[in-house]
Each structure stands twice: as structure tokens, then as C-alpha cells.
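Notes follow the structure.
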Amino acid sequence: MSVMLTNTGFTQEAFDAFLAERSEPDWLADLRKNAWSRFDEMSLPTSRDEEWMRTDIRLFKLDKFSLAVESNEVELPRALLAEGVELGGRSVSVDRRSVECQLSEKWSNQGVLFGSLDAIVAEHGDQLRPYFERHLVDPHFDKFSALNAACWSGGSVLFVPKGVQIDEPLHSLSVMSDGGTDLGKTLVILEEGAEATLLAESASTTVDAGGLHCGSIELIVEKGARLRYVNLQNWGNGVWHFAHQMAHVAANANLQWTIGALGSRLAKVNQRVALIGQDAEAQVNGVMFTQGKQHLCYNTHQHHQAEFCQSDLLYKAALQDRSRTVWRGMIQVDEGAQRTNAYQRNDNLMLATTARADSIPGLEIEADDVRCTHGSTSGRVDDQQLFYAMTRGYTRQEAVRMIVSGFFQKVFDRITIESVREALGEAIGRRVRDI
Amino acid sequence: MLVEVDDQLIVLIHAAGHFYALDDVCTHDGGPLSDGPVDAAAATIACPRHGAKFDIKSGAAVTMPATKATIAHEVKVEGDKVFVKLCDS
């Protein structure tokens, strides 16, 4: 059945029309209804909530956005991560509609599923059902997680069967037009011994575009699997970005998760990694550059649930103008997670005296034989370094760019995918102004 | 009272017969000032979180833990209307 969605706002009527438009299995519709009832009950967070006390969303008006999907003809922005890369597959969505989806036959013949989550769940719902029901992202966590669980659409999925090793990166691009609403959900499942690299990026149609992104990412890395996941957030300057992201890394599995955060007006992201099996490893890399009045808030959580696991998080941010970043990191070690090796670090480079960075690392350890460390630095560009570079013939702006590039080098060195290093380096270089 | 001016939150204060407008930001931890008490005699507003006080005329920080001024905006009253001109610095 096809129903035109003409309602605006997130009303019961709009939700009913949204559900009616989708031909999904009953179990999925029930999950959505359950999440919707929680969404309906909950209020938006306020600065009185501990987690939100440094992120002010009083200017955010949820009723300005809509569940309705509009069919806009837009010019696609440049996909930064895919330039010069031989891809094994590509998926593009615009305003929650899938517009392109390709996967090399070499991989589809081996049972790999990749593309629009809407389309793949309609065809392979029973196969994906157990992963949905694991609820990696808790739909009851806050109003935003409930909204995404109830109304996700237009997201992407990657399913790699046991033992299949994809040696070409896959790329997904999510595009939103000015004033749009993006409720994408990303689901990545690597079965035992599988390997894959997924480059995901989100972008607006114009630099100054507004909109709402309320998304979720769920990464399931089963025993002995290896996932490299890159997520570049490059929305327009007016976008409100709310996201819940969660990874489960099983025994002997390995996750390298790289985040680039460049766009949006305000971002509040909960990024969580749970190491649930022995000898699991996770490396988390974060690259942030803020300008104007941008406010990016990242809450990271490394949860060690099993013995002999290793997690290593490095977030680096450079801030100019009146922008602000907030990073709250937590390493949580359960009682049984002996011989844990966990590290978290956040470095901030202040390019203006009017910018502000809040850095709040934390440890919560219940085991008694662990190595858990954390660190944080915030500092300005050293005038002597600038002067030295200028005596060697660089202009002041070139010198600043070089110093900013050097600041990020340590995190770039950890990113093993060349196109990602180049894309992030180029995007940041373009943004750096004189100081 | 809290008002929105050009997509920005401003705390508008009426004290001792004058209007004043400040950014709704405590420069100590970035929390909102608008819920804090105003002392008209001392011409200050206090942040409800940690008690930092700001001069309502200039935005200057007058007590710890705040050390930097919050932004004060220009206010003009014409008849029964109050106009706020945002200061960008």
C-alpha cells in the first residue's frame, strides 16, 4: 500500500502514515511502535541532565522538522572519502531515499549484502532480525535514540558472511538537502572471521544548509572478524546532529573506528565500544575541526566486559573562532575483565582565544589487574614555531597550516586508509585561517 | 527573562529602571545565566551552577569562578518596545 505523507512534525498521525507507507515485517513494526511510545513519553534533554550540561539545545525546535520524505532533485556533493579509491560497492541516499546502490558481483555471489537498509530489510528481514533485536543502541536511552529507533529510514547495511574477506573498501554517502530531516540507521555485521572496510560519509547539499540528523550506528564484529569503519560527518553549518553509535567486538575480533567531525551547527554524539569477548581489540580515532559558532560534543565509552582485551582511543580537535568542543570519555572495566589494557587521550589545539574545549576523561574500574590510562592536553599554537617557520620562507598562513597538520599527524598515522588521511587533511587545510 | 535574538539566547534584565542584555552564558562552564538571581543594588547576575557573578551593565566577571566577561549587548527602549543590538565581539 502506498500512502502520501503530507503531515509535518513528529505527530502520532505522521507516524501512523509513515508505518502504513512501509511494507515491513510485523516484528519490525512492533519494534518501531514500542520505540515510538517511548519517544512520545520522553521530553527533550535539558542542561539539568548531567550528560547535557555542556550542550545547550534550547534553540533546537523539533517541530520545525518532519517525518515526510520529500523528493528533491539535488546536485550531489563531492564524496571526499572515495576519491581515487577502487571500491567494491557504493550506496548513495538523498533525503532518506536510496538513489544508487552497487555491489561487485564478486562479493554479492559470496552472500555479502550491502546497500539501503530499507530495501535489504524488506528482502532479508528474517536474516537481520536477531541483530535488530540485540538493540546495541538502547531505544530508551533518550528522546533521540527513541526517535531513530521508531522512524529510521534511508540508512545503510553491510552484512558479511562467515569467513568472507572483502579486500576493496565499500562506500556509503548520505546526503541531506537544506532544511531536511535525516533519520538514517547504519547496521554493519561481520560474521566470524569476516573482514571489511566501510567508508561512510554524510554531507549537505550546500555548506550553509540546515536540517536535522538523528541517527544511529550499530557495528557487530563477531569472533575473529576485522572491521575498519570510517565515518565522516560533513553536514552543512546549520544542521543539528544527534547520534547514538555502538559497537560490539567479540573474541579475537578487531575494530578500527575512525571518526571525522567537521560539519554541523551542533553535534551531540554518544560513541560506545563494548569488548565482549576475550582478546578483542578496538582502536578509536577522532579528528575534529570546528569554526564559527559550531559546538561538537562527543561522549565516548570503552566498555571492557571480557579478559585480555585492548582499547585505544585518540581524539584530536582544532578549534577556531568562537567554536566549542566537549569530549567526555569513559573507560569502564567490568569485574571479570582482568588483564585489560585501555587508553584514552584527547588533545585540543586552540586557534583562537575565543574558542573553548572541555575535556573530561574518566575511569570506572572494577577489576584489579588492569592497565588503564588516560590523558588530555589543550594548548595554543606556539609563537616560536610560527616565527621559525616564517624565517624559513613560509607565509604566516602556510606556517599555521603546517602546524595544524603536524598536530593531527599522530592520529593520521593511525589511519591506515590513504584516501581517508588525504580527505581529512585536505578538508582541514581548507578550513584553517590565519591566527 | 530569556529571549531569542537572531538565533541566539539572550538574558534580558530589567533592574533599577534600566534594561540590560547579556549572552545567556556563564563563561566559567558554559551554563545558562538566565535562571540565576539578579541583585539590582549591586547590578549583578549570579550563575545558578557555581555562583559566579557578572556585571549586568558590562558583562564583566566580578566573582570567581568566572574570570572572563560574558558578552553585553546594546539595548534601546522606544515606547513599549525593547530593542537589542547584538554585539559580535
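Just so we're on the same page: first chain in the C-alpha cells is A, next is B, and so on; residues restart at 1 for each chain, and ligands are numbered from 1 in the order they show up.
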Step one, run DSSP on the backbone; step two, keep only residues of segment 177-425 of chain A assigned to strand (DSSP E or B); then write them as a ChimeraX atom specification. /A:180-182,185-190,195-204,210-221,226-234,238-249,254-261,266-275,281-290,295-304,310-319,324-333,341-350,356-365,371-380
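Counting only C-alpha atoms, every residue of chain B that comes within 9 Å of chain A is listed here: Glu4, Asp7, Gln8, Leu9, Asp29, Gly30, Gly31 and Pro32 of chain B.
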Find the residues near segment 197-203 of chain A: any atom within 8 Å, counting only C-alpha atoms, skip ones fewer than 3 places away on the same chain, and give them as a ChimeraX atom specification. /A:77,79,81-82,166-176,227-236
Could you pull out the alpha helix (DSSP H) residues of segment 76-168 of chain A from DSSP and send them as a PyMOL selection string? chain A and resi 105-108+117-132+143-151
Those selected residues, please, written with C-alpha atoms and delivered as an mmCIF file, in the first residue's frame.
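As written to disk, out.cif reads:
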data_model
loop_
_atom_site.group_PDB
_atom_site.id
_atom_site.type_symbol
_atom_site.label_atom_id
_atom_site.label_comp_id
_atom_site.auth_asym_id
_atom_site.auth_seq_id
_atom_site.Cartn_x
_atom_site.Cartn_y
_atom_site.Cartn_z
ATOM 1 C CA GLU A 105 29.250 -9.452 -8.161
ATOM 2 C CA LYS A 106 32.385 -10.928 -6.714
ATOM 3 C CA TRP A 107 31.026 -10.101 -3.246
ATOM 4 C CA SER A 108 27.302 -10.497 -3.758
ATOM 5 C CA LEU A 117 18.698 -0.776 4.893
ATOM 6 C CA ASP A 118 15.072 -0.198 3.846
ATOM 7 C CA ALA A 119 15.421 -2.399 0.782
ATOM 8 C CA ILE A 120 17.545 -5.117 2.359
ATOM 9 C CA VAL A 121 15.388 -5.470 5.465
ATOM 10 C CA ALA A 122 12.341 -5.898 3.217
ATOM 11 C CA GLU A 123 14.043 -8.780 1.403
ATOM 12 C CA HIS A 124 16.181 -10.347 4.146
ATOM 13 C CA GLY A 125 14.233 -9.332 7.256
ATOM 14 C CA ASP A 126 14.451 -12.715 8.973
ATOM 15 C CA GLN A 127 18.205 -12.840 8.495
ATOM 16 C CA LEU A 128 18.664 -9.395 10.064
ATOM 17 C CA ARG A 129 16.052 -9.772 12.797
ATOM 18 C CA PRO A 130 18.416 -11.143 15.520
ATOM 19 C CA TYR A 131 20.728 -8.185 15.041
ATOM 20 C CA PHE A 132 17.895 -5.677 15.351
ATOM 21 C CA LYS A 143 14.320 11.038 23.062
ATOM 22 C CA PHE A 144 16.723 11.000 20.126
ATOM 23 C CA SER A 145 17.528 7.285 20.339
ATOM 24 C CA ALA A 146 13.803 6.555 20.612
ATOM 25 C CA LEU A 147 13.044 8.736 17.576
ATOM 26 C CA ASN A 148 15.644 6.964 15.475
ATOM 27 C CA ALA A 149 14.502 3.501 16.593
ATOM 28 C CA ALA A 150 10.905 4.379 15.737
ATOM 29 C CA CYS A 151 11.395 6.249 12.491
#
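Within 6 Å of segment 11-13 of chain B, once only C-alpha atoms are used and residues closer than 5 positions along the same chain are dropped, the contacting residues are Met1, Leu2, Phe19, Tyr20, Ala21, Leu22, Asp24 and Ser34 of chain B.
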Give me, as a PyMOL selection string, all polymer residues having an atom no more than 10 Å from Gly111 of chain A, counting only C-alpha atoms and skipping those fewer than 5 positions away in the same chain. chain A and resi 105-106+159-162+164
So which residues touch segment 416-421 of chain A within 8 Å, counting only C-alpha atoms, skipping near sequence neighbours fewer than 2 positions away, as JSON, numbers by chain? {"A": [81, 82, 83, 84, 85, 230, 412, 413, 414, 423, 424, 425]}
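For the pair atom CA of Glu307 of chain A and atom CA of Gln278 of chain A, the separation is 5.1 Å.
For the atom pair formed by atom CA of Gln302 of chain A and atom CA of Ile365 of chain A, the distance is 11.4 Å, given to one decimal.
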In terms of only C-alpha atoms, the residue from B:Val75, B:Ile45, B:Leu33, B:Val5 at minimal distance from Thr63 of chain B is B:Ile45
Mind pulling up the distance from atom CA of Ser216 of chain A to atom CA of Gln245 of chain A? 5.5 Å
Within 12 Å of Cys26 of chain B using only C-alpha atoms, minus same-chain residues under 4 positions, as a PyMOL selection string: (chain A and resi 54) or (chain B and resi 10-11+22+30-36+45-55+59-71)
